[in-house]
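Peer 1: Next comes the structure file data02.cif, holding mmCIF, C-alpha atoms and all ligand atoms.
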data_coords
#
loop_
_atom_site.label_atom_id
_atom_site.label_comp_id
_atom_site.auth_asym_id
_atom_site.auth_seq_id
_atom_site.Cartn_x
_atom_site.Cartn_y
_atom_site.Cartn_z
CA MET K 1 -40.96 35.13 -16.38
CA ALA K 2 -39.94 32.90 -13.49
CA MET K 3 -36.63 31.16 -13.63
CA THR K 4 -35.66 27.66 -12.56
CA THR K 5 -32.49 26.90 -10.66
CA SER K 6 -30.59 23.66 -10.53
CA ILE K 7 -27.79 22.57 -8.30
CA HIS K 8 -26.76 18.95 -8.45
CA GLY K 9 -23.81 16.70 -8.02
CA GLY K 10 -22.03 15.89 -11.28
CA SER K 11 -22.06 12.22 -12.18
CA LYS K 12 -18.76 12.01 -13.98
CA LEU K 13 -16.16 14.51 -12.93
CA SER K 14 -13.91 15.45 -15.84
CA LEU K 15 -11.36 18.20 -15.38
CA ALA K 16 -10.45 17.70 -19.03
CA HIS K 17 -14.02 18.68 -20.03
CA ASN K 18 -14.13 21.58 -17.61
CA ARG K 19 -10.80 22.91 -18.81
CA ARG K 20 -11.61 22.34 -22.47
CA LEU K 21 -8.69 20.00 -22.88
CA ILE K 22 -10.91 17.66 -24.88
CA LEU K 23 -11.48 19.01 -28.38
CA GLY K 24 -14.28 17.68 -30.57
CA GLU K 25 -17.06 17.24 -27.99
CA PRO K 26 -20.19 17.47 -30.21
CA HIS K 27 -22.20 19.64 -27.79
CA VAL K 28 -19.47 22.26 -27.41
CA ASP K 29 -19.27 25.30 -29.68
CA TYR K 30 -15.54 25.96 -29.57
CA THR K 31 -15.88 29.34 -31.30
CA LYS K 32 -17.48 30.57 -28.03
CA SER K 33 -14.99 28.94 -25.66
CA HIS K 34 -13.11 32.19 -25.14
CA THR K 35 -16.19 33.58 -23.36
CA ASN K 36 -16.01 30.88 -20.65
CA VAL K 37 -15.18 32.28 -17.21
CA VAL K 38 -12.46 30.57 -15.24
CA LEU K 39 -12.94 31.25 -11.50
CA GLU K 40 -10.53 28.74 -10.00
CA ARG K 41 -7.96 26.51 -11.67
CA HIS K 42 -5.33 24.59 -9.74
CA ASP K 43 -2.87 21.89 -10.63
CA ARG K 44 -4.11 18.83 -8.76
CA HIS K 45 -0.77 17.94 -7.15
CA GLN K 46 0.00 21.51 -6.17
CA PHE K 47 -3.49 21.87 -4.75
CA TYR K 48 -3.21 18.77 -2.58
CA LYS K 49 0.26 19.87 -1.50
CA GLN K 50 -1.23 23.17 -0.36
CA ILE K 51 -3.92 21.43 1.68
CA PHE K 52 -2.13 18.35 3.05
CA GLY K 53 1.59 18.88 2.45
CA GLU K 54 2.44 20.38 5.82
CA ALA K 55 0.26 17.94 7.78
CA ILE K 56 1.85 14.94 6.02
CA GLU K 57 5.39 16.23 6.56
CA GLU K 58 4.63 16.81 10.23
CA TYR K 59 3.10 13.37 10.58
CA ASN K 60 6.04 11.64 8.90
CA LYS K 61 8.52 13.56 11.03
CA LYS K 62 6.83 12.20 14.15
CA GLN K 63 7.06 8.57 12.99
CA VAL K 64 9.88 6.66 14.63
CA ARG K 65 9.25 3.62 12.48
CA LYS K 66 9.94 4.13 8.79
CA ASP K 67 7.09 1.78 7.82
CA ARG K 68 4.55 3.92 9.67
CA GLU K 69 5.25 6.85 7.37
CA ILE K 70 2.52 7.56 4.86
CA ASP K 71 3.39 6.14 1.48
CA VAL K 72 2.89 9.07 -0.76
CA TYR K 73 4.81 7.85 -3.75
CA ASP K 74 3.15 6.19 -6.73
CA SER K 75 3.41 2.45 -7.39
CA LYS K 76 6.58 2.86 -9.44
CA GLY K 77 8.16 5.02 -6.77
CA ASN K 78 9.00 7.79 -9.22
CA ILE K 79 7.84 11.41 -9.45
CA SER K 80 10.90 12.47 -7.53
CA GLY K 81 10.23 14.08 -4.18
CA GLU K 82 6.56 14.66 -4.96
CA LYS K 83 5.36 13.26 -1.64
CA ILE K 84 1.79 14.16 -2.30
CA VAL K 85 1.21 11.71 -5.13
CA GLY K 86 -0.01 8.81 -2.99
CA TRP K 87 -2.37 11.12 -1.14
CA VAL K 88 -3.84 12.31 -4.44
CA ARG K 89 -4.19 8.73 -5.66
CA ARG K 90 -6.15 7.76 -2.56
CA SER K 91 -8.38 10.82 -2.58
CA LYS K 92 -9.15 11.46 -6.26
CA GLY K 93 -12.31 9.35 -6.22
CA LYS K 94 -13.64 11.39 -3.31
CA GLU K 95 -13.43 14.72 -5.11
CA ARG K 96 -16.89 16.12 -5.83
CA GLU K 97 -18.36 18.23 -8.57
CA PHE K 98 -21.45 20.42 -8.56
CA LEU K 99 -23.24 21.69 -11.61
CA VAL K 100 -25.15 24.90 -11.21
CA ALA K 101 -27.47 26.48 -13.76
CA PHE K 102 -30.11 29.18 -13.89
CA GLY K 103 -32.98 28.71 -16.32
CA HIS K 104 -32.94 26.24 -19.18
CA SER K 105 -31.81 26.19 -22.79
CA ASN K 106 -35.08 27.37 -24.37
CA ASP K 107 -36.21 30.06 -21.96
CA LEU K 108 -36.13 33.72 -23.03
CA TYR K 109 -33.34 34.88 -20.74
CA ASP K 110 -30.14 36.13 -22.25
CA ASP K 111 -26.96 34.04 -21.69
CA ASP K 112 -25.22 37.09 -20.20
CA VAL K 113 -27.96 37.43 -17.56
CA LYS K 114 -27.41 33.79 -16.62
CA LYS K 115 -23.67 34.37 -16.47
CA LYS K 116 -24.19 37.32 -14.11
CA LEU K 117 -26.45 35.21 -11.86
CA LEU K 118 -23.86 32.41 -11.76
CA LEU K 119 -21.11 34.86 -10.84
CA GLU K 120 -23.21 36.30 -8.03
CA TYR K 121 -24.11 32.82 -6.82
CA TYR K 122 -20.41 31.84 -6.70
CA GLU K 123 -19.28 35.05 -4.94
CA ASN K 124 -19.36 33.67 -1.36
CA PHE K 125 -19.23 29.97 -2.13
CA VAL K 126 -15.80 29.56 -0.52
CA GLU K 127 -16.81 31.46 2.63
CA ARG K 128 -20.01 29.51 3.18
CA ASN K 129 -18.34 26.17 2.42
CA PRO K 130 -14.98 26.32 4.23
CA ASN K 131 -14.53 22.53 4.10
CA LEU K 132 -15.03 22.27 0.35
CA ARG K 133 -11.73 23.36 -1.18
CA VAL K 134 -12.44 24.56 -4.69
CA MET K 135 -9.91 23.04 -7.07
CA ASP K 136 -11.68 24.10 -10.23
CA ALA K 137 -14.57 26.44 -10.99
CA VAL K 138 -15.62 27.51 -14.44
CA ILE K 139 -18.67 28.93 -16.20
CA HIS K 140 -19.23 27.27 -19.55
CA MET K 141 -20.77 29.66 -22.08
CA ASP K 142 -20.04 27.45 -25.07
CA GLU K 143 -22.64 24.73 -24.54
CA ALA K 144 -26.43 24.79 -25.04
CA GLN K 145 -27.00 26.52 -21.71
CA PRO K 146 -24.67 28.56 -19.45
CA HIS K 147 -23.72 26.50 -16.42
CA MET K 148 -21.05 26.35 -13.80
CA HIS K 149 -18.82 23.40 -12.83
CA ILE K 150 -17.45 23.51 -9.29
CA VAL K 151 -14.94 20.78 -8.41
CA VAL K 152 -14.07 20.50 -4.73
CA VAL K 153 -11.80 18.43 -2.52
CA PRO K 154 -13.93 17.90 0.61
CA VAL K 155 -11.63 18.08 3.64
CA ALA K 156 -12.42 17.24 7.24
CA GLU K 157 -10.44 16.91 10.42
CA THR K 158 -9.91 13.45 11.84
CA ALA K 159 -8.31 12.14 15.00
CA ARG K 160 -6.42 9.51 13.04
CA GLY K 161 -3.24 9.69 10.94
CA VAL K 162 -2.28 13.11 9.65
CA GLY K 163 -5.39 14.65 11.16
CA LEU K 164 -7.04 15.49 7.83
CA LYS K 165 -9.04 13.36 5.46
CA VAL K 166 -10.91 13.62 2.20
CA SER K 167 -14.56 12.77 2.75
CA MET K 168 -17.64 14.56 1.51
CA ASP K 169 -19.86 13.48 4.40
CA ALA K 170 -17.32 14.33 7.07
CA ALA K 171 -16.53 17.67 5.40
CA LEU K 172 -20.18 18.67 5.14
CA ALA K 173 -20.95 17.46 8.67
CA GLU K 174 -18.01 19.47 10.02
CA GLN K 175 -18.96 22.72 8.32
CA GLN K 176 -22.57 22.17 9.38
CA GLY K 177 -21.44 21.72 12.99
CA ILE K 178 -22.78 18.16 13.18
CA THR K 179 -20.77 15.35 14.73
CA PHE K 180 -20.19 12.88 11.92
CA ASP K 181 -21.96 9.58 12.39
CA ARG K 182 -22.08 7.07 9.56
CA SER K 183 -25.43 5.65 10.74
CA MET K 184 -27.10 8.99 9.95
CA LYS K 185 -26.62 8.29 6.27
CA LYS K 186 -28.75 5.17 6.37
CA LYS K 187 -31.92 6.97 7.44
CA LYS K 188 -33.06 8.79 4.33
CA GLY K 189 -31.07 10.26 1.52
CA ASN K 190 -27.95 11.91 2.77
CA PRO K 191 -28.73 14.48 5.48
CA PHE K 192 -25.39 16.28 5.05
CA PHE K 193 -25.79 16.68 1.32
CA LEU K 194 -29.50 17.58 1.55
CA LYS K 195 -28.69 20.32 4.04
CA PHE K 196 -25.87 21.60 1.83
CA ARG K 197 -28.14 21.58 -1.21
CA ASP K 198 -30.87 23.48 0.66
CA GLN K 199 -28.30 26.06 1.76
CA GLU K 200 -27.07 26.54 -1.81
CA LEU K 201 -30.60 26.66 -3.22
CA GLU K 202 -31.41 29.46 -0.76
CA VAL K 203 -28.39 31.40 -2.04
CA ALA K 204 -29.56 30.91 -5.63
CA LYS K 205 -33.05 32.13 -4.69
CA ARG K 206 -31.57 35.21 -3.01
CA VAL K 207 -29.57 35.95 -6.17
CA LEU K 208 -32.73 35.75 -8.27
CA LYS K 209 -34.63 37.96 -5.85
CA LYS K 210 -31.85 40.55 -5.90
CA ASN K 211 -32.14 40.63 -9.69
CA ASN K 212 -35.93 40.81 -9.57
CA ILE K 213 -36.40 37.48 -11.26
CA PRO K 214 -39.10 35.25 -9.78
CA PHE K 215 -38.04 31.75 -8.78
CA ALA K 216 -39.75 28.72 -10.32
CA GLU K 217 -39.54 25.10 -9.30
CA GLY K 218 -37.60 23.06 -11.85
CA ASP K 219 -39.36 21.18 -14.61
CA LYS K 220 -37.64 17.98 -13.56
CA ARG K 221 -36.96 17.01 -17.15
CA LYS K 222 -33.39 17.94 -17.73
CA VAL K 223 -30.96 19.16 -15.13
CA HIS K 224 -33.43 18.73 -12.29
CA LEU K 225 -33.77 15.36 -10.67
CA SER K 226 -37.01 14.25 -9.09
CA THR K 227 -36.88 13.90 -5.31
CA SER K 228 -37.11 10.10 -5.43
CA GLU K 229 -34.47 9.83 -8.16
CA TYR K 230 -32.29 12.21 -6.25
CA LYS K 231 -32.67 10.24 -3.03
CA LYS K 232 -31.96 6.99 -4.83
CA ILE K 233 -28.79 8.41 -6.34
CA MET K 234 -27.67 9.97 -3.07
CA SER K 235 -28.18 6.79 -1.07
CA THR K 236 -26.28 4.77 -3.70
CA LEU K 237 -23.57 7.39 -3.65
CA SER K 238 -23.22 7.36 0.12
CA MET K 239 -23.25 3.55 0.10
CA LEU K 240 -20.46 3.51 -2.47
CA GLU K 241 -18.52 6.10 -0.53
CA ALA K 242 -18.81 4.09 2.70
CA LYS K 243 -17.74 0.96 0.80
CA ASN K 244 -14.81 2.84 -0.70
CA GLU K 245 -13.64 4.09 2.70
CA GLU K 246 -14.00 0.59 4.10
CA LEU K 247 -11.98 -0.94 1.24
CA THR K 248 -9.28 1.70 1.58
CA GLU K 249 -8.89 0.71 5.23
CA VAL K 250 -8.78 -3.00 4.34
CA VAL K 251 -6.16 -2.38 1.64
CA ASP K 252 -4.04 -0.32 4.03
CA GLY K 253 -4.28 -3.10 6.62
CA LEU K 254 -3.24 -5.74 4.09
CA LYS K 255 -0.27 -3.62 2.99
CA THR K 256 0.95 -3.52 6.59
CA GLU K 257 0.46 -7.29 6.89
CA ILE K 258 2.48 -7.85 3.72
CA LYS K 259 5.30 -5.72 5.11
CA ILE K 260 5.35 -7.75 8.34
CA ALA K 261 5.17 -11.08 6.46
CA ASP K 262 7.99 -9.92 4.22
CA ARG K 263 10.20 -9.18 7.21
CA GLU K 264 9.39 -12.61 8.71
CA LEU K 265 10.18 -14.28 5.40
CA ASN K 266 13.57 -12.57 5.28
CA SER K 267 14.47 -13.67 8.78
CA LYS K 268 13.42 -17.25 7.89
CA LYS K 269 15.59 -17.09 4.79
CA ARG K 270 18.53 -16.13 6.97
CA THR K 271 17.82 -19.06 9.33
CA ILE K 272 17.69 -21.48 6.38
CA GLU K 273 21.04 -20.16 5.13
CA LYS K 274 22.61 -20.64 8.55
CA LEU K 275 21.23 -24.19 8.84
CA THR K 276 22.51 -25.01 5.34
CA TYR K 277 26.03 -24.04 6.42
CA GLU K 278 25.72 -26.14 9.56
CA VAL K 279 24.56 -29.17 7.55
CA SER K 280 27.46 -28.88 5.13
CA ASP K 281 29.92 -28.65 8.06
CA LEU K 282 28.42 -31.79 9.57
CA GLU K 283 28.56 -33.61 6.22
CA LEU K 284 32.26 -32.84 5.88
CA GLU K 285 32.90 -34.15 9.37
CA ARG K 286 30.93 -37.32 8.64
CA SER K 287 32.93 -38.01 5.48
CA LEU K 288 36.15 -37.64 7.50
CA PHE K 289 34.86 -40.20 10.00
CA THR K 290 33.89 -42.58 7.20
CA GLU K 291 37.31 -42.28 5.63
CA SER K 292 39.20 -42.94 8.87
CA ARG K 293 36.90 -45.87 9.58
CA GLU K 294 37.70 -47.34 6.14
CA SER K 295 41.42 -46.92 6.80
CA VAL K 296 41.15 -48.80 10.08
CA ILE K 297 39.23 -51.65 8.44
CA GLN K 298 41.85 -51.89 5.70
CA PHE K 299 44.58 -51.79 8.32
CA SER K 300 42.99 -54.59 10.33
CA GLU K 301 42.61 -56.69 7.15
CA LEU K 302 46.30 -56.20 6.50
CA MET K 303 47.02 -57.21 10.07
CA ARG K 304 44.98 -60.40 9.63
CA ARG K 305 46.96 -61.30 6.52
CA MET K 306 50.20 -60.61 8.34
CA GLN K 307 49.10 -62.95 11.15
CA ARG K 308 50.29 -65.95 9.13
CA HIS K 309 53.82 -64.55 9.18
CA TYR K 310 53.90 -62.84 12.57
CA GLY K 311 51.63 -64.96 14.78
CA GLU K 312 48.94 -64.09 17.40
CA ILE K 313 50.41 -60.69 18.31
CA VAL K 314 49.15 -59.25 15.01
CA VAL K 315 45.54 -60.31 15.78
CA GLU K 316 45.92 -58.69 19.18
CA ALA K 317 47.21 -55.48 17.60
CA ALA K 318 44.46 -55.38 15.00
CA GLU K 319 41.74 -55.98 17.58
CA ASP K 320 43.18 -53.34 19.86
CA LEU K 321 43.25 -50.79 17.04
CA LEU K 322 39.70 -51.67 15.99
CA MET K 323 38.39 -51.47 19.56
CA THR K 324 40.18 -48.18 20.09
CA PHE K 325 38.66 -46.81 16.91
CA ARG K 326 35.16 -47.98 17.87
CA ARG K 327 35.46 -46.43 21.33
CA LEU K 328 36.72 -43.12 20.02
CA TRP K 329 34.08 -43.16 17.25
CA GLU K 330 31.27 -43.78 19.72
CA ASP K 331 32.63 -41.07 22.03
CA SER K 332 32.43 -38.62 19.11
CA VAL K 333 36.12 -37.81 19.29
CA SER K 334 37.20 -35.60 16.41
CA PRO K 335 38.62 -37.36 13.32
CA LEU K 336 41.99 -35.70 13.77
CA ASP K 337 42.35 -36.98 17.34
CA ILE K 338 41.23 -40.46 16.25
CA VAL K 339 43.90 -40.56 13.55
CA LYS K 340 46.55 -39.31 15.99
CA THR K 341 45.66 -41.86 18.68
CA LEU K 342 45.44 -44.73 16.21
CA GLY K 343 48.71 -43.66 14.55
CA ASN K 344 50.56 -43.74 17.89
CA LYS K 345 49.03 -47.06 18.82
CA ALA K 346 49.89 -48.53 15.44
CA LEU K 347 53.49 -47.37 15.77
CA ASN K 348 53.76 -49.02 19.21
CA TRP K 349 52.34 -52.22 17.82
CA VAL K 350 54.82 -52.21 14.92
CA HIS K 351 57.66 -52.06 17.44
CA GLU K 352 56.16 -54.81 19.54
CA ILE K 353 55.53 -57.02 16.54
CA LYS K 354 59.11 -56.43 15.35
CA ASN K 355 60.47 -57.34 18.82
CA SER K 356 58.37 -60.51 19.03
CA ARG K 357 59.67 -61.51 15.61
CA ASP K 358 63.24 -60.99 16.84
CA VAL K 359 62.40 -63.17 19.84
CA VAL K 360 60.98 -65.90 17.61
CA GLU K 361 64.02 -65.71 15.35
CA GLN K 362 66.29 -65.76 18.37
CA ASP K 363 64.45 -68.78 19.75
CA GLU K 364 64.84 -70.52 16.48
CA TRP K 365 68.48 -69.58 16.49
CA GLU K 366 68.99 -70.86 19.99
CA ARG K 367 67.32 -74.13 19.28
MN MN K 401 -19.82 21.94 -19.19
#
What would the structure in this file look like if it were written as structure tokens?
Ligand SMILES: [Mn+2]
Peer 2:
Amino acid sequence: MAMTTSIHGGSKLSLAHNRRLILGEPHVDYTKSHTNVVLERHDRHQFYKQIFGEAIEEYNKKQVRKDREIDVYDSKGNISGEKIVGWVRRSKGKEREFLVAFGHSNDLYDDDVKKKLLLEYYENFVERNPNLRVMDAVIHMDEAQPHMHIVVVPVAETARGVGLKVSMDAALAEQQGITFDRSMKKKKGNPFFLKFRDQELEVAKRVLKKNNIPFAEGDKRKVHLSTSEYKKIMSTLSMLEAKNEELTEVVDGLKTEIKIADRELNSKKRTIEKLTYEVSDLELERSLFTESRESVIQFSELMRRMQRHYGEIVVEAAEDLLMTFRRLWEDSVSPLDIVKTLGNKALNWVHEIKNSRDVVEQDEWER
């Protein structure tokens, strides 16, 4: 009896499902879980560290400006020293999963035969897909039909940043020896993925042939997707991936802008502080001027009142002091110098007034 083969991209990647960390899934027979075959299992952070750690460290070492370093800490800045966190956060959505199965749930083949086929299929997966780093691979024997989950981090070289990036299209293009060009994706389906899928399907067919099982086209009902459905999904997927890459770039750009704006804001704050000090200095000076001006006015008033007793010389003195004050005030002489000058002048006038009084008294005396 011929056997169908299916290889397709998983729609919702769940390491928790693959690793049986979720208990109580209705389609899982947990009494059989011990027969599952774990082929690869890596801690996500450790795995990313293995792939990108060195490149990131090297990149950061080369950065003269601290703000050019790649932010690899999480939003709260914790997870002490785990520099890879930010990288994981940015790349998690670009991880890919493949589901592989031989046959279907109600064919006559034994589950152990299917397990053997899956193992043989996986044997050289890593060698033939050097850009797809397998983070998790497991054969589930405890669901309706044996199948394999392969979770990969697709890695490609890039001229920018640390020199490595997570991108399925770029990774596939690189391992297929094609120069990556985003416009190629718009044509039909996703040429990189279609080529990869053909390559893997050929491997599956070879495995069947080796085991003397004839290959049959899928029935398109369950795990197989029709070509048009498949193309629709793949073009949506590549569109979303392009959008995601685009948004990541925009977000990174905005982060840089915020940093620059923040620095500008700080320098403006410092300028405002400096100006505030200058204003308060000027206000103090102004109040000193006002006070000395008031004193002079009061003094001149006093002089006017004294005129009745001491004659014209007092008016002269008062006017002189007022004029002196006005001149100094208009020349922006400092309050201290104004007070000094006016004080000396006032003292001179007091002497003169006293002398004139003596003269008047003397005159009176002589008369
Ligand atoms: Mn499963």
Peer 1: Applying 9 Å and all atoms listed in the file, which residues near Ala346 of chain K remain after dropping the ones on its own chain fewer than 5 positions away? List them as a PyMOL selection string.
Peer 2: chain K and resi 317-318+321+341+351
Peer 1: Which residues are near ligand MN 401 (chain K) in this structure, taking near to mean any atom at most 9 Å from a ligand atom and counting only C-alpha atoms and all ligand atoms? Format them as a ChimeraX atom specification.
Peer 2: /K:17-18,20,28,99,138-143,145-149
Peer 1: List as a compact mmCIF listing (two decimals) with C-alpha atoms, keeping the file's coordinate frame the protein and nucleic acid residues near Arg41 of chain K, meaning an atom at most 12 Å away when only C-alpha atoms are counted, but skip any in the same chain fewer than 5 places from it.
Peer 2:
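Dumped everything to out_7.txt:
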# COMPACT_ATOMS: atom_id res chain seq x y z
CA LEU K 15 -11.36 18.20 -15.38
CA ALA K 16 -10.45 17.70 -19.03
CA ASN K 18 -14.13 21.58 -17.61
CA ARG K 19 -10.80 22.91 -18.81
CA GLN K 46 0.00 21.51 -6.17
CA PHE K 47 -3.49 21.87 -4.75
CA ARG K 133 -11.73 23.36 -1.18
CA VAL K 134 -12.44 24.56 -4.69
CA MET K 135 -9.91 23.04 -7.07
CA ASP K 136 -11.68 24.10 -10.23
CA ALA K 137 -14.57 26.44 -10.99
CA VAL K 138 -15.62 27.51 -14.44
CA ILE K 139 -18.67 28.93 -16.20
CA HIS K 149 -18.82 23.40 -12.83
CA ILE K 150 -17.45 23.51 -9.29
CA VAL K 151 -14.94 20.78 -8.41
CA VAL K 152 -14.07 20.50 -4.73
Peer 1: Skip segment 281-294 of chain K itself and residues of its chain fewer than 3 positions away, then list as a PyMOL selection string all residues within 10 Å of it, counting all atoms listed in the file.
Peer 2: chain K and resi 275-278+297-300+322+325-326+329+332-336+338-339+342
Peer 1: Please produce a file of those selected residues containing C-alpha atoms, as a PDB file, keeping the file's coordinate frame.
Peer 2:
ATOM      1  CA  LEU K 275      21.230 -24.190   8.840  1.00  0.00           C
ATOM      2  CA  THR K 276      22.510 -25.010   5.340  1.00  0.00           C
ATOM      3  CA  TYR K 277      26.030 -24.040   6.420  1.00  0.00           C
ATOM      4  CA  GLU K 278      25.720 -26.140   9.560  1.00  0.00           C
ATOM      5  CA  ILE K 297      39.230 -51.650   8.440  1.00  0.00           C
ATOM      6  CA  GLN K 298      41.850 -51.890   5.700  1.00  0.00           C
ATOM      7  CA  PHE K 299      44.580 -51.790   8.320  1.00  0.00           C
ATOM      8  CA  SER K 300      42.990 -54.590  10.330  1.00  0.00           C
ATOM      9  CA  LEU K 322      39.700 -51.670  15.990  1.00  0.00           C
ATOM     10  CA  PHE K 325      38.660 -46.810  16.910  1.00  0.00           C
ATOM     11  CA  ARG K 326      35.160 -47.980  17.870  1.00  0.00           C
ATOM     12  CA  TRP K 329      34.080 -43.160  17.250  1.00  0.00           C
ATOM     13  CA  SER K 332      32.430 -38.620  19.110  1.00  0.00           C
ATOM     14  CA  VAL K 333      36.120 -37.810  19.290  1.00  0.00           C
ATOM     15  CA  SER K 334      37.200 -35.600  16.410  1.00  0.00           C
ATOM     16  CA  PRO K 335      38.620 -37.360  13.320  1.00  0.00           C
ATOM     17  CA  LEU K 336      41.990 -35.700  13.770  1.00  0.00           C
ATOM     18  CA  ILE K 338      41.230 -40.460  16.250  1.00  0.00           C
ATOM     19  CA  VAL K 339      43.900 -40.560  13.550  1.00  0.00           C
ATOM     20  CA  LEU K 342      45.440 -44.730  16.210  1.00  0.00           C
TER      21      LEU K 342
END
Peer 1: Residues near Val155 of chain K, anyone? I mean within 6 Å using only C-alpha atoms, not counting same-chain ones fewer than 3 positions away, as a list of chain:residue names.
Peer 2: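 With the cut-off at 6 Å, the set is K:Asn131, K:Lys165, K:Val166, K:Ala171.
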Peer 1: Grab all the atoms of segment 193-203 of chain K that the file lists, wrap them in a box along x, y and z, add 5 Å per side, and give me centre plus edge lengths in Å (one decimal) as AutoDock Vina command-line options.
Peer 2:
--center_x -28.6 --center_y 24.0 --center_z 0.4 --size_x 15.6 --size_y 24.7 --size_z 17.3
Peer 1: Calculate how many Å separate atom CA of Glu54 of chain K from atom CA of Val88 of chain K, rounding to one decimal.
Peer 2: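 Atom-to-atom, atom CA of Glu54 of chain K and atom CA of Val88 of chain K are spaced 14.5 Å apart.
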Peer 1: In Å, rounded to a single decimal, give me how far atom CA of Lys274 of chain K is from atom CA of Leu328 of chain K.
Peer 2: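 We find that atom CA of Leu328 of chain K and atom CA of Lys274 of chain K lie 28.9 Å from each other.
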Peer 1: In Å to one decimal, how far is atom CA of Phe125 of chain K from atom CA of Glu200 of chain K?
Peer 2: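 Computing it gives 8.6 Å between the two atoms.
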Peer 1: In terms of the shortest atom-to-atom distance over all atoms listed in the file, which of K:Ile22, K:Ile260, K:Val126, K:Ala55 is closest to Gly161 of chain K?
Peer 2: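 Ranking K:Ile22, K:Ile260, K:Val126, K:Ala55 by distance to Gly161 of chain K, first place goes to K:Ala55.
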Peer 1: So, with only C-alpha atoms as the atoms that count, which of K:His27, K:Ile7, K:Leu119, K:Ser14 lies closest to Leu39 of chain K?
Peer 2: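 Closest residue, counting only C-alpha atoms: K:Leu119.
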